[in-house]
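Enquirer: File run-v4.cif follows (mmCIF, C-alpha atoms):
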data_data
loop_
_atom_site.label_atom_id
_atom_site.label_comp_id
_atom_site.auth_asym_id
_atom_site.auth_seq_id
_atom_site.Cartn_x
_atom_site.Cartn_y
_atom_site.Cartn_z
CA MET A 12 -50.63 -31.88 -59.25
CA SER A 13 -47.32 -30.57 -60.59
CA ARG A 14 -45.19 -28.00 -58.82
CA LEU A 15 -45.95 -25.47 -61.56
CA GLN A 16 -49.70 -25.88 -61.13
CA ILE A 17 -49.43 -25.51 -57.34
CA THR A 18 -47.41 -22.32 -57.81
CA GLN A 19 -50.01 -20.99 -60.23
CA HIS A 20 -52.76 -21.73 -57.71
CA TYR A 21 -50.90 -19.79 -55.02
CA ALA A 22 -50.43 -16.92 -57.47
CA ARG A 23 -54.16 -16.85 -58.16
CA LEU A 24 -54.88 -16.93 -54.43
CA LEU A 25 -52.52 -13.98 -53.99
CA THR A 26 -54.44 -11.88 -56.52
CA ARG A 27 -57.84 -12.82 -55.08
CA TRP A 28 -57.09 -12.59 -51.33
CA PRO A 29 -58.54 -9.38 -49.78
CA VAL A 30 -56.06 -6.62 -49.00
CA ASP A 31 -55.65 -5.63 -45.34
CA ARG A 32 -54.94 -1.92 -45.12
CA ILE A 33 -55.01 -1.76 -41.33
CA ARG A 34 -52.19 -4.27 -40.72
CA PRO A 35 -49.96 -3.90 -43.79
CA GLU A 36 -46.92 -5.45 -42.12
CA ASN A 37 -48.66 -8.69 -41.15
CA THR A 38 -50.94 -9.82 -43.96
CA PHE A 39 -51.97 -13.29 -45.06
CA HIS A 40 -50.23 -12.52 -48.35
CA LYS A 41 -46.96 -13.10 -46.48
CA LEU A 42 -47.87 -16.75 -45.96
CA LEU A 43 -49.04 -17.20 -49.56
CA ARG A 44 -45.84 -15.63 -50.90
CA SER A 45 -43.71 -17.93 -48.78
CA ARG A 46 -45.57 -20.88 -50.31
CA LEU A 47 -44.96 -19.50 -53.80
CA ALA A 48 -41.24 -19.53 -53.26
CA ALA A 49 -41.03 -22.68 -51.14
CA ALA A 50 -39.78 -26.03 -52.33
CA PRO A 51 -42.34 -28.82 -52.12
CA SER A 52 -42.25 -30.62 -48.79
CA GLY A 53 -43.74 -34.05 -48.38
CA SER A 54 -45.37 -33.34 -45.04
CA LYS A 55 -47.79 -30.80 -46.44
CA ASP A 56 -50.94 -31.73 -48.29
CA GLU A 57 -50.78 -28.79 -50.69
CA ILE A 58 -53.91 -29.65 -52.60
CA LYS A 59 -55.97 -29.77 -49.42
CA GLU A 60 -54.57 -26.39 -48.31
CA ILE A 61 -55.20 -24.73 -51.68
CA ASN A 62 -58.72 -26.12 -51.75
CA ALA A 63 -59.33 -24.80 -48.22
CA ALA A 64 -58.04 -21.37 -49.28
CA TYR A 65 -60.39 -21.25 -52.28
CA LEU A 66 -63.33 -22.26 -50.10
CA LEU A 67 -62.47 -19.49 -47.66
CA LEU A 68 -62.40 -16.98 -50.50
CA ASP A 69 -65.82 -18.19 -51.66
CA ASP A 70 -67.31 -17.70 -48.13
CA ALA A 71 -68.40 -21.32 -48.21
CA ILE A 72 -68.32 -21.61 -44.41
CA ALA A 73 -70.27 -18.36 -43.89
CA LYS A 74 -72.96 -19.68 -46.19
CA ARG A 75 -73.04 -23.07 -44.49
CA TYR A 76 -73.27 -21.60 -40.94
CA PRO A 77 -75.05 -18.26 -41.27
CA ILE A 78 -74.98 -15.96 -38.23
CA PRO A 79 -78.50 -15.41 -36.86
CA GLY A 80 -80.07 -11.95 -36.84
CA ASN A 81 -80.05 -11.49 -33.08
CA ILE A 82 -76.24 -11.68 -33.16
CA MET A 83 -75.61 -9.60 -36.28
CA LYS A 84 -78.05 -6.91 -35.15
CA PRO A 85 -77.70 -7.13 -31.37
CA GLN A 86 -80.48 -5.65 -29.29
CA SER A 87 -78.14 -3.41 -27.30
CA ARG A 88 -76.78 -1.73 -30.43
CA PRO A 89 -78.28 -2.78 -33.76
CA ASP A 90 -75.78 -0.77 -35.81
CA HIS A 91 -72.69 -2.15 -34.05
CA TYR A 92 -71.26 -4.06 -37.02
CA ILE A 93 -72.32 -1.43 -39.54
CA ALA A 94 -70.58 1.33 -37.62
CA LEU A 95 -67.57 -0.95 -37.16
CA GLU A 96 -67.29 -1.62 -40.88
CA LYS A 97 -67.49 2.10 -41.61
CA ALA A 98 -64.83 2.91 -39.01
CA LEU A 99 -62.53 0.18 -40.36
CA GLU A 100 -62.83 1.62 -43.85
CA GLU A 101 -61.97 5.11 -42.66
CA ALA A 102 -59.22 4.12 -40.23
CA PRO A 103 -56.20 3.83 -42.55
CA ASP A 104 -56.91 7.27 -44.06
CA ARG A 105 -57.13 9.11 -40.76
CA THR A 106 -54.53 11.77 -40.15
CA TRP A 107 -52.78 12.26 -36.82
CA PHE A 108 -55.20 15.07 -35.99
CA ASP A 109 -58.23 12.91 -36.84
CA ASN A 110 -56.94 10.24 -34.47
CA PHE A 111 -56.42 12.88 -31.77
CA LYS A 112 -59.98 14.16 -32.21
CA THR A 113 -61.38 10.63 -32.04
CA ARG A 114 -59.45 9.91 -28.87
CA ILE A 115 -60.71 13.07 -27.17
CA LYS A 116 -64.27 12.41 -28.28
CA GLY A 117 -63.99 8.87 -26.88
CA MET A 118 -63.06 10.21 -23.44
CA VAL A 119 -66.45 11.86 -23.02
CA ARG A 120 -69.50 9.68 -23.14
CA MET A 121 -72.99 11.14 -23.12
CA ARG A 122 -75.66 9.05 -21.40
CA MET B 15 -87.47 -10.59 -20.56
CA SER B 16 -90.33 -9.69 -18.21
CA THR B 17 -89.59 -8.11 -14.84
CA SER B 18 -90.71 -11.11 -12.81
CA THR B 19 -88.57 -13.64 -14.70
CA ALA B 20 -85.59 -11.27 -14.57
CA ALA B 21 -86.12 -10.77 -10.88
CA SER B 22 -86.54 -14.46 -10.14
CA THR B 23 -83.38 -15.19 -12.11
CA VAL B 24 -81.54 -12.51 -10.16
CA VAL B 25 -82.81 -13.84 -6.83
CA ARG B 26 -82.06 -17.42 -7.80
CA SER B 27 -78.53 -16.54 -8.95
CA LEU B 28 -77.79 -14.59 -5.79
CA ARG B 29 -78.99 -17.43 -3.57
CA HIS B 30 -77.09 -19.97 -5.62
CA GLN B 31 -73.97 -17.87 -5.42
CA LEU B 32 -74.19 -17.50 -1.62
CA PHE B 33 -74.80 -21.23 -1.21
CA ARG B 34 -71.81 -22.10 -3.43
CA GLN B 35 -69.47 -19.77 -1.59
CA HIS B 36 -70.20 -21.54 1.68
CA ARG B 37 -70.01 -25.01 0.13
CA GLN B 38 -66.58 -24.86 -1.56
CA PRO B 39 -63.48 -23.64 0.24
CA ARG B 40 -61.34 -21.68 -2.22
CA THR B 41 -57.56 -21.95 -2.15
CA SER B 42 -56.33 -18.39 -2.31
CA LEU B 43 -53.37 -16.95 -4.20
CA ARG B 44 -51.96 -15.93 -0.80
CA ALA B 45 -51.42 -19.59 0.08
CA ILE B 46 -49.05 -20.01 -2.89
CA HIS B 47 -46.96 -16.97 -1.93
CA THR B 48 -46.42 -18.02 1.69
CA SER B 49 -44.24 -21.04 0.80
CA GLN B 50 -40.51 -20.35 0.65
CA SER B 51 -39.58 -22.53 -2.29
CA ARG B 52 -41.34 -25.06 -4.43
CA SER B 53 -38.88 -27.86 -3.67
CA ALA B 54 -39.44 -27.79 0.12
CA THR B 55 -42.73 -29.25 1.32
CA PRO B 56 -44.87 -26.15 1.56
CA ASP B 57 -46.45 -25.22 4.87
CA LEU B 58 -49.91 -24.65 3.48
CA PRO B 59 -52.75 -24.06 5.92
CA VAL B 60 -55.00 -27.08 6.26
CA PHE B 61 -58.52 -26.31 5.17
CA LYS B 62 -61.11 -27.98 7.31
CA ALA B 63 -64.37 -28.76 5.59
CA PRO B 64 -66.91 -26.15 6.68
CA LYS B 65 -69.92 -27.22 8.74
CA PRO B 66 -72.79 -28.07 6.40
CA ILE B 67 -75.13 -25.12 6.32
CA THR B 68 -78.87 -25.48 6.42
CA PRO B 69 -80.64 -24.54 3.22
CA PRO B 70 -81.67 -20.87 3.14
CA PRO B 71 -85.15 -20.11 4.45
CA PRO B 72 -87.95 -19.86 1.89
CA GLY B 73 -88.21 -16.49 0.13
CA PRO B 74 -90.39 -13.60 1.20
CA SER B 75 -94.05 -13.41 0.34
CA SER B 76 -94.99 -12.66 -3.22
CA THR B 77 -96.00 -9.01 -2.72
CA GLN B 78 -92.77 -8.34 -0.86
CA SER B 79 -90.67 -10.11 -3.47
CA LYS B 80 -92.42 -8.18 -6.24
CA LEU B 81 -91.61 -4.93 -4.46
CA ILE B 82 -87.99 -5.98 -4.01
CA ALA B 83 -87.81 -7.06 -7.63
CA SER B 84 -89.17 -3.74 -8.86
CA LEU B 85 -86.70 -1.88 -6.67
CA ARG B 86 -83.83 -3.99 -7.93
CA ASP B 87 -84.86 -3.41 -11.50
CA SER B 88 -84.69 0.37 -11.13
CA PRO B 89 -81.67 2.02 -12.75
CA ALA B 90 -80.33 3.35 -9.45
CA LEU B 91 -80.15 0.00 -7.69
CA ARG B 92 -79.16 -2.05 -10.75
CA SER B 93 -75.63 -0.79 -10.60
CA THR B 94 -75.31 -2.04 -7.02
CA THR B 95 -76.74 -5.53 -7.46
CA GLU B 96 -76.04 -6.47 -11.07
CA PRO B 97 -72.23 -6.70 -10.75
CA TYR B 98 -72.63 -9.40 -8.10
CA VAL B 99 -75.00 -11.43 -10.21
CA ALA B 100 -72.82 -10.96 -13.26
CA TYR B 101 -69.68 -11.91 -11.32
CA GLY B 102 -71.11 -15.27 -10.32
CA ALA B 103 -72.62 -16.13 -13.67
CA THR B 104 -69.60 -15.04 -15.72
CA GLU B 105 -67.38 -17.12 -13.46
CA ASP B 106 -69.32 -20.19 -14.59
CA LEU B 107 -69.29 -18.98 -18.19
CA PHE B 108 -65.51 -18.60 -18.03
CA LYS B 109 -65.21 -22.10 -16.55
CA VAL B 110 -67.00 -23.39 -19.64
CA CYS B 111 -64.40 -21.58 -21.78
CA ALA B 112 -61.53 -22.90 -19.66
CA SER B 113 -62.72 -26.49 -19.99
CA THR B 114 -61.90 -26.48 -23.71
CA CYS B 115 -58.16 -26.47 -23.20
CA ASN B 116 -55.66 -26.52 -20.35
CA TYR B 117 -51.97 -27.02 -19.76
CA THR B 118 -49.66 -27.68 -16.84
CA ILE B 119 -45.95 -27.21 -16.31
CA GLU B 120 -44.46 -29.91 -14.12
CA THR B 121 -40.79 -28.89 -13.94
CA HIS B 122 -39.35 -25.64 -12.59
CA PRO B 123 -37.84 -23.77 -14.32
CA ALA B 124 -40.04 -24.59 -17.29
CA PRO B 125 -38.57 -25.86 -20.58
CA LYS B 126 -38.41 -23.12 -23.20
CA ASN B 127 -39.01 -23.08 -26.95
CA ASP B 128 -37.08 -21.15 -29.61
CA LYS B 129 -38.84 -17.89 -28.84
CA GLY B 130 -38.02 -18.17 -25.14
CA GLU B 131 -41.58 -19.00 -24.07
CA ASP B 132 -42.36 -21.60 -21.40
CA VAL B 133 -43.71 -24.84 -22.86
CA GLY B 134 -46.04 -27.14 -20.92
CA GLN B 135 -48.08 -30.32 -21.37
CA GLY B 136 -51.47 -29.53 -22.85
CA THR B 137 -54.88 -31.17 -22.92
CA GLY B 138 -57.82 -30.45 -25.18
CA TRP B 139 -58.26 -30.49 -28.94
CA TRP B 140 -56.17 -27.34 -29.42
CA PHE B 141 -53.03 -28.84 -27.88
CA GLU B 142 -53.45 -32.51 -28.76
CA THR B 143 -51.15 -34.03 -31.36
CA ARG B 144 -52.29 -34.32 -34.94
CA ALA B 145 -52.12 -38.09 -34.61
CA ALA B 146 -54.79 -37.83 -31.89
CA GLY B 147 -56.91 -35.58 -34.10
CA GLY B 148 -55.91 -32.26 -32.54
CA LEU B 149 -54.33 -29.05 -33.80
CA GLU B 150 -50.95 -29.53 -32.09
CA LEU B 151 -50.51 -25.84 -31.33
CA PRO B 152 -47.44 -24.93 -29.21
CA VAL B 153 -48.38 -25.36 -25.55
CA THR B 154 -47.56 -21.85 -24.35
CA PHE B 155 -49.26 -19.24 -22.20
CA ASN B 156 -49.94 -16.94 -25.14
CA ILE B 157 -51.64 -19.63 -27.19
CA TRP B 158 -53.74 -20.67 -24.18
CA ALA B 159 -54.79 -17.05 -23.76
CA GLN B 160 -55.73 -16.77 -27.43
CA VAL B 161 -57.87 -19.92 -27.25
CA MET B 162 -59.56 -18.43 -24.19
CA PHE B 163 -60.10 -15.20 -26.11
CA LEU B 164 -61.72 -17.14 -28.93
CA HIS B 165 -64.26 -18.74 -26.63
CA MET B 166 -64.82 -15.51 -24.70
CA TYR B 167 -65.44 -13.81 -28.02
CA ILE B 168 -68.18 -16.33 -28.86
CA ILE B 169 -69.86 -15.52 -25.55
CA THR B 170 -69.34 -11.78 -26.01
CA THR B 171 -71.18 -11.79 -29.33
CA ARG B 172 -74.09 -13.31 -27.43
CA LEU B 173 -73.77 -10.87 -24.51
CA ARG B 174 -74.14 -7.98 -26.95
CA ALA B 175 -77.71 -9.17 -27.50
CA PHE B 176 -78.62 -8.37 -23.88
CA PRO B 177 -80.54 -5.16 -23.21
CA LYS B 178 -78.23 -2.16 -23.48
CA GLU B 179 -77.91 -1.34 -19.78
CA HIS B 180 -76.64 -4.84 -18.91
CA VAL B 181 -74.04 -5.46 -21.62
CA ARG B 182 -71.09 -3.53 -20.25
CA ILE B 183 -71.21 -5.11 -16.76
CA TRP B 184 -71.37 -8.63 -18.14
CA GLU B 185 -68.59 -8.13 -20.69
CA GLN B 186 -66.36 -6.56 -18.05
CA ASN B 187 -66.91 -9.36 -15.53
CA LEU B 188 -66.22 -12.06 -18.11
CA LEU B 189 -62.94 -10.34 -18.96
CA ASP B 190 -62.11 -9.98 -15.27
CA HIS B 191 -62.41 -13.74 -14.81
CA PHE B 192 -59.93 -14.25 -17.61
CA PHE B 193 -57.53 -11.87 -15.83
CA TYR B 194 -57.90 -13.78 -12.56
CA ALA B 195 -57.18 -17.08 -14.30
CA ALA B 196 -54.26 -15.62 -16.24
CA GLU B 197 -52.72 -14.14 -13.11
CA ASP B 198 -53.13 -17.45 -11.24
CA ARG B 199 -51.41 -19.22 -14.09
CA MET B 200 -48.54 -16.74 -14.18
CA ALA B 201 -47.91 -17.14 -10.47
CA MET B 202 -48.36 -20.94 -10.40
CA TYR B 203 -46.63 -22.14 -13.54
CA HIS B 204 -44.43 -19.35 -14.82
CA GLY B 205 -42.71 -18.30 -11.63
CA MET B 206 -43.84 -14.68 -11.67
CA ALA B 207 -43.96 -13.94 -7.98
CA ALA B 208 -43.74 -10.16 -8.44
CA LYS B 209 -47.09 -8.49 -8.95
CA GLY B 210 -45.50 -5.78 -11.05
CA VAL B 211 -44.36 -8.25 -13.68
CA ARG B 212 -47.78 -9.89 -13.76
CA ASN B 213 -49.50 -6.53 -14.11
CA LYS B 214 -47.33 -5.67 -17.08
CA TYR B 215 -48.45 -8.84 -18.88
CA LEU B 216 -52.08 -8.32 -17.87
CA LYS B 217 -52.07 -4.84 -19.40
CA ASP B 218 -50.64 -6.37 -22.55
CA PHE B 219 -53.42 -8.95 -22.51
CA TRP B 220 -56.03 -6.21 -22.30
CA GLN B 221 -54.59 -4.68 -25.47
CA GLN B 222 -54.57 -8.11 -27.12
CA TRP B 223 -58.20 -8.67 -26.12
CA ARG B 224 -59.30 -5.39 -27.71
CA GLY B 225 -57.35 -6.25 -30.85
CA THR B 226 -58.83 -9.74 -30.94
CA LEU B 227 -62.37 -8.38 -30.55
CA LEU B 228 -61.82 -5.97 -33.40
CA SER B 229 -60.26 -8.49 -35.75
CA TYR B 230 -62.90 -11.18 -35.19
CA ASP B 231 -65.72 -8.64 -35.54
CA GLU B 232 -64.14 -7.54 -38.80
CA GLY B 233 -64.01 -11.17 -39.88
CA LEU B 234 -67.67 -11.73 -39.06
CA VAL B 235 -68.62 -8.76 -41.20
CA LYS B 236 -66.24 -9.12 -44.13
CA GLY B 237 -66.23 -12.88 -44.67
CA ASP B 238 -64.27 -16.09 -44.22
CA ALA B 239 -60.98 -14.94 -45.75
CA VAL B 240 -60.65 -11.99 -43.36
CA LEU B 241 -61.72 -14.15 -40.41
CA ALA B 242 -59.13 -16.77 -41.38
CA ALA B 243 -56.43 -14.11 -41.55
CA ALA B 244 -57.45 -12.84 -38.09
CA LEU B 245 -57.29 -16.34 -36.61
CA TRP B 246 -53.93 -16.92 -38.28
CA ARG B 247 -52.50 -13.74 -36.77
CA ASN B 248 -53.88 -14.44 -33.30
CA ILE B 249 -53.79 -18.20 -32.71
CA TRP B 250 -51.00 -19.21 -35.08
CA GLN B 251 -49.07 -16.01 -34.27
CA ALA B 252 -48.70 -15.25 -38.00
CA SER B 253 -46.47 -18.28 -38.49
CA GLU B 254 -45.64 -19.23 -42.08
CA ASP B 255 -45.86 -22.92 -41.15
CA ALA B 256 -49.58 -22.70 -40.48
CA ASN B 257 -51.81 -25.19 -42.26
CA ILE B 258 -54.60 -23.41 -44.18
CA ALA B 259 -56.90 -26.41 -43.84
CA GLU B 260 -56.57 -26.26 -40.05
CA ILE B 261 -57.27 -22.52 -40.08
CA SER B 262 -60.43 -23.15 -42.07
CA ALA B 263 -61.47 -25.81 -39.53
CA VAL B 264 -61.22 -23.20 -36.76
CA VAL B 265 -63.18 -20.71 -38.91
CA ALA B 266 -65.94 -23.30 -39.24
CA TYR B 267 -65.84 -24.01 -35.49
CA LEU B 268 -66.08 -20.29 -34.66
CA ARG B 269 -68.99 -19.63 -37.02
CA GLN B 270 -70.82 -22.75 -35.92
CA GLU B 271 -70.50 -21.88 -32.23
CA ILE B 272 -71.65 -18.29 -32.77
CA ALA B 273 -74.66 -19.59 -34.68
CA ARG B 274 -75.34 -22.04 -31.83
CA MET B 275 -75.05 -19.22 -29.26
CA GLY B 276 -77.62 -17.20 -31.18
CA ARG B 277 -80.21 -19.85 -30.43
CA VAL B 278 -79.57 -19.81 -26.65
CA THR B 279 -81.99 -17.77 -24.52
CA ASP B 280 -80.98 -14.94 -22.15
CA ALA B 281 -82.01 -17.04 -19.15
CA GLN B 282 -79.69 -19.86 -20.24
CA VAL B 283 -76.77 -17.45 -20.61
CA THR B 284 -77.31 -15.84 -17.20
CA ALA B 285 -77.50 -19.31 -15.65
CA ALA B 286 -74.35 -20.31 -17.60
CA ALA B 287 -76.24 -23.29 -19.03
CA VAL B 288 -74.19 -23.15 -22.23
CA SER B 289 -71.59 -25.44 -23.67
CA PHE B 290 -69.30 -25.51 -26.67
CA GLY B 291 -69.54 -28.20 -29.31
CA SER B 292 -66.71 -30.58 -30.10
CA PRO B 293 -64.21 -29.03 -32.53
CA ALA B 294 -63.13 -32.49 -33.68
CA GLU B 295 -66.53 -32.86 -35.34
CA VAL B 296 -65.91 -29.77 -37.40
CA ALA B 297 -62.43 -30.83 -38.49
CA GLU B 298 -63.72 -31.61 -41.97
CA PRO B 299 -66.13 -28.68 -42.21
CA LEU B 300 -67.21 -29.09 -45.74
CA GLY B 301 -66.47 -32.77 -46.19
CA ASP B 302 -64.72 -33.36 -49.49
CA THR B 303 -66.11 -30.26 -51.17
CA ARG B 304 -63.89 -29.27 -54.03
CA SER B 305 -63.88 -25.62 -54.96
CA PRO B 306 -64.64 -24.98 -58.65
CA TRP B 307 -61.57 -22.72 -58.74
CA MET B 308 -59.31 -25.80 -58.51
CA ALA B 309 -60.26 -26.71 -62.05
CA LYS B 310 -60.48 -23.26 -63.63
CA ALA B 311 -57.90 -22.32 -66.22
CA PHE B 312 -55.28 -19.71 -65.40
CA THR B 313 -55.35 -16.35 -67.16
CA GLU B 314 -52.32 -14.19 -67.90
CA GLY B 315 -53.10 -11.58 -65.23
CA ILE B 316 -53.13 -14.24 -62.52
CA LEU B 317 -49.49 -15.04 -63.11
CA ALA B 318 -48.32 -11.47 -62.40
CA PRO B 319 -47.25 -12.22 -58.79
CA LEU B 320 -44.90 -14.89 -60.09
CA ARG B 321 -42.93 -12.27 -61.96
CA GLU B 322 -42.89 -9.73 -59.12
CA GLU B 323 -39.64 -9.12 -57.33
CA PRO B 324 -39.98 -10.41 -53.74
CA LYS B 325 -40.40 -7.47 -51.36
CA ALA B 326 -37.52 -6.94 -48.97
#
Would you write the structure of this file as structure tokens?
Expert:
Amino acid sequence: MSRLQITQHYARLLTRWPVDRIRPENTFHKLLRSRLAAAPSGSKDEIKEINAAYLLLDDAIAKRYPIPGNIMKPQSRPDHYIALEKALEEAPDRTWFDNFKTRIKGMVRMR
Amino acid sequence: MSTSTAASTVVRSLRHQLFRQHRQPRTSLRAIHTSQSRSATPDLPVFKAPKPITPPPPGPSSTQSKLIASLRDSPALRSTTEPYVAYGATEDLFKVCASTCNYTIETHPAPKNDKGEDVGQGTGWWFETRAAGGLELPVTFNIWAQVMFLHMYIITTRLRAFPKEHVRIWEQNLLDHFFYAAEDRMAMYHGMAAKGVRNKYLKDFWQQWRGTLLSYDEGLVKGDAVLAAALWRNIWQASEDANIAEISAVVAYLRQEIARMGRVTDAQVTAAAVSFGSPAEVAEPLGDTRSPWMAKAFTEGILAPLREEPKA
């Protein structure tokens, strides 16, 4: 595969890779961008890496090894992952005061 | 889990724990501190093998044991007995985690890498060279801790499936065993004789553990790409030299082990009768599967990042 095609693949991966709003300074895009700009090095198998990246984007591994229900909906707290997803979505938009309120609320636990 | 099987497991674990404590003399951290320097032959106390103890007497009669079991199962007494059971079982669970990778540092002071971290000689798939089929990660304390976190995370996802009142104690004890092992390692291999210095790093590790939990949970929920990014940040320390195919091998290993853990019963977990599969078998997770995106044509919008100015 030519250098141009490899660069185009990395560009496509950059547009498709999910954005991480919680850790903006340390995203996977940093690695993909460094590959965009990098000169080809013989030690890397670029095609294998690009293929692996596409398979990750397609959730191929999640489909091959699905997580069983007793783990995804644990008995101790069936809504653990659902509440987590919701909190992760809201986290980057929280103001300083919202964070303060959450911290205070977390100090008191009702049985 | 019915009361009688829970109780018999509890009784069996307690007895097993007591028997083990008498059987194996433990070298204590104190013994390492008493020597003046590592180069002089240390004056360690000689441990004599303890006298063999007779097996414990047979348990009480069934009505008595049922009464004891029902007392132990009550909420008031659970908090007094469960931590001891959990301590013993999570110690064995942590030993299973620790068997996946290890490292030693033979020379003192230890050789250092570019970042100033101590480098040792590692064993296990995670530290083995690529020629031997391993990942060839840098053999440092932080990487060892992250590999431990990965395996502890697999067990934690399974511990969450315990009944609600048990989860917290078991999670806490598993984490405590990591702290004991980490502190031992810091004192033994990294020359941190001062407890204050070790405590500082342990507090940092607690923060790292919480962050690791969050990022892997997020990856489980949101998919492979997010999980791969989390692993890259934690185990590869966000290095730009990381190999994406290796990251995807670890994603496959993690998902496969969590799926395997889901099929293990509560009794097996409390008896620590669990094991991790061989990561080398998952090195080619999807064989030679070629993604259809490799062959798709490129559209104009895709090429926008090529024309972007690189961010400072």
Enquirer: Residues picked by the PyMOL selection byres ((chain A) within 6 of (chain B)) here, as a PDB file with C-alpha atoms, in the coordinates of the input?
Expert:
ATOM      1  CA  ALA A  22     -50.430 -16.920 -57.470  1.00  0.00           C
ATOM      2  CA  ARG A  23     -54.160 -16.850 -58.160  1.00  0.00           C
ATOM      3  CA  PHE A  39     -51.970 -13.290 -45.060  1.00  0.00           C
ATOM      4  CA  LEU A  42     -47.870 -16.750 -45.960  1.00  0.00           C
ATOM      5  CA  GLU A  60     -54.570 -26.390 -48.310  1.00  0.00           C
ATOM      6  CA  ALA A  63     -59.330 -24.800 -48.220  1.00  0.00           C
ATOM      7  CA  LEU A  66     -63.330 -22.260 -50.100  1.00  0.00           C
ATOM      8  CA  LEU A  67     -62.470 -19.490 -47.660  1.00  0.00           C
ATOM      9  CA  LEU A  68     -62.400 -16.980 -50.500  1.00  0.00           C
ATOM     10  CA  ASP A  70     -67.310 -17.700 -48.130  1.00  0.00           C
ATOM     11  CA  ILE A  72     -68.320 -21.610 -44.410  1.00  0.00           C
ATOM     12  CA  TYR A  76     -73.270 -21.600 -40.940  1.00  0.00           C
ATOM     13  CA  ILE A  78     -74.980 -15.960 -38.230  1.00  0.00           C
ATOM     14  CA  PRO A  85     -77.700  -7.130 -31.370  1.00  0.00           C
ATOM     15  CA  GLN A  86     -80.480  -5.650 -29.290  1.00  0.00           C
ATOM     16  CA  SER A  87     -78.140  -3.410 -27.300  1.00  0.00           C
TER      17      SER A  87
END
Enquirer: Applying the PyMOL selection byres ((chain B and resi 111) around 8) to the file I just gave you, which residues come out? Please list them as a tab-separated table (two decimals) with C-alpha atoms, in the coordinates of the input.
Expert:
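To be explicit, this is the file written out as result-v1.tsv:
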chain	number	residue	atom	x	y	z
B	107	LEU	CA	-69.29	-18.98	-18.19
B	108	PHE	CA	-65.51	-18.60	-18.03
B	109	LYS	CA	-65.21	-22.10	-16.55
B	110	VAL	CA	-67.00	-23.39	-19.64
B	112	ALA	CA	-61.53	-22.90	-19.66
B	113	SER	CA	-62.72	-26.49	-19.99
B	114	THR	CA	-61.90	-26.48	-23.71
B	162	MET	CA	-59.56	-18.43	-24.19
B	165	HIS	CA	-64.26	-18.74	-26.63
B	166	MET	CA	-64.82	-15.51	-24.70
B	290	PHE	CA	-69.30	-25.51	-26.67
Enquirer: Let me know the residues the PyMOL selection byres ((chain A and resi 30) around 12) catches in the file above, as a list in words.
Expert: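 This file gives the following for the PyMOL selection byres ((chain A and resi 30) around 12): Leu24, Leu25, Thr26, Arg27, Trp28, Pro29, Asp31, Arg32, Ile33, Arg34, Pro35, Glu36, Asn37, Thr38, Phe39, His40, Lys41 and Glu100 of chain A; Lys236, Ala239, Val240 and Ala243 of chain B.
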Enquirer: Rounded to one decimal, what separation in Å do you get between CA of Met83 (chain A) and CA of Glu96 (chain A)?
Expert: 12.4 Å
Enquirer: Between CA of Asn213 (chain B) and CA of Asn187 (chain B), what is the spacing in Å?
Expert: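 One can read the CA of Asn187 (chain B) to CA of Asn213 (chain B) distance as 17.7 Å.
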Enquirer: Could you jot down the CA of Asp56 (chain A) to CA of Val296 (chain B) separation for me, Å, one decimal place?
Expert: 18.6 Å
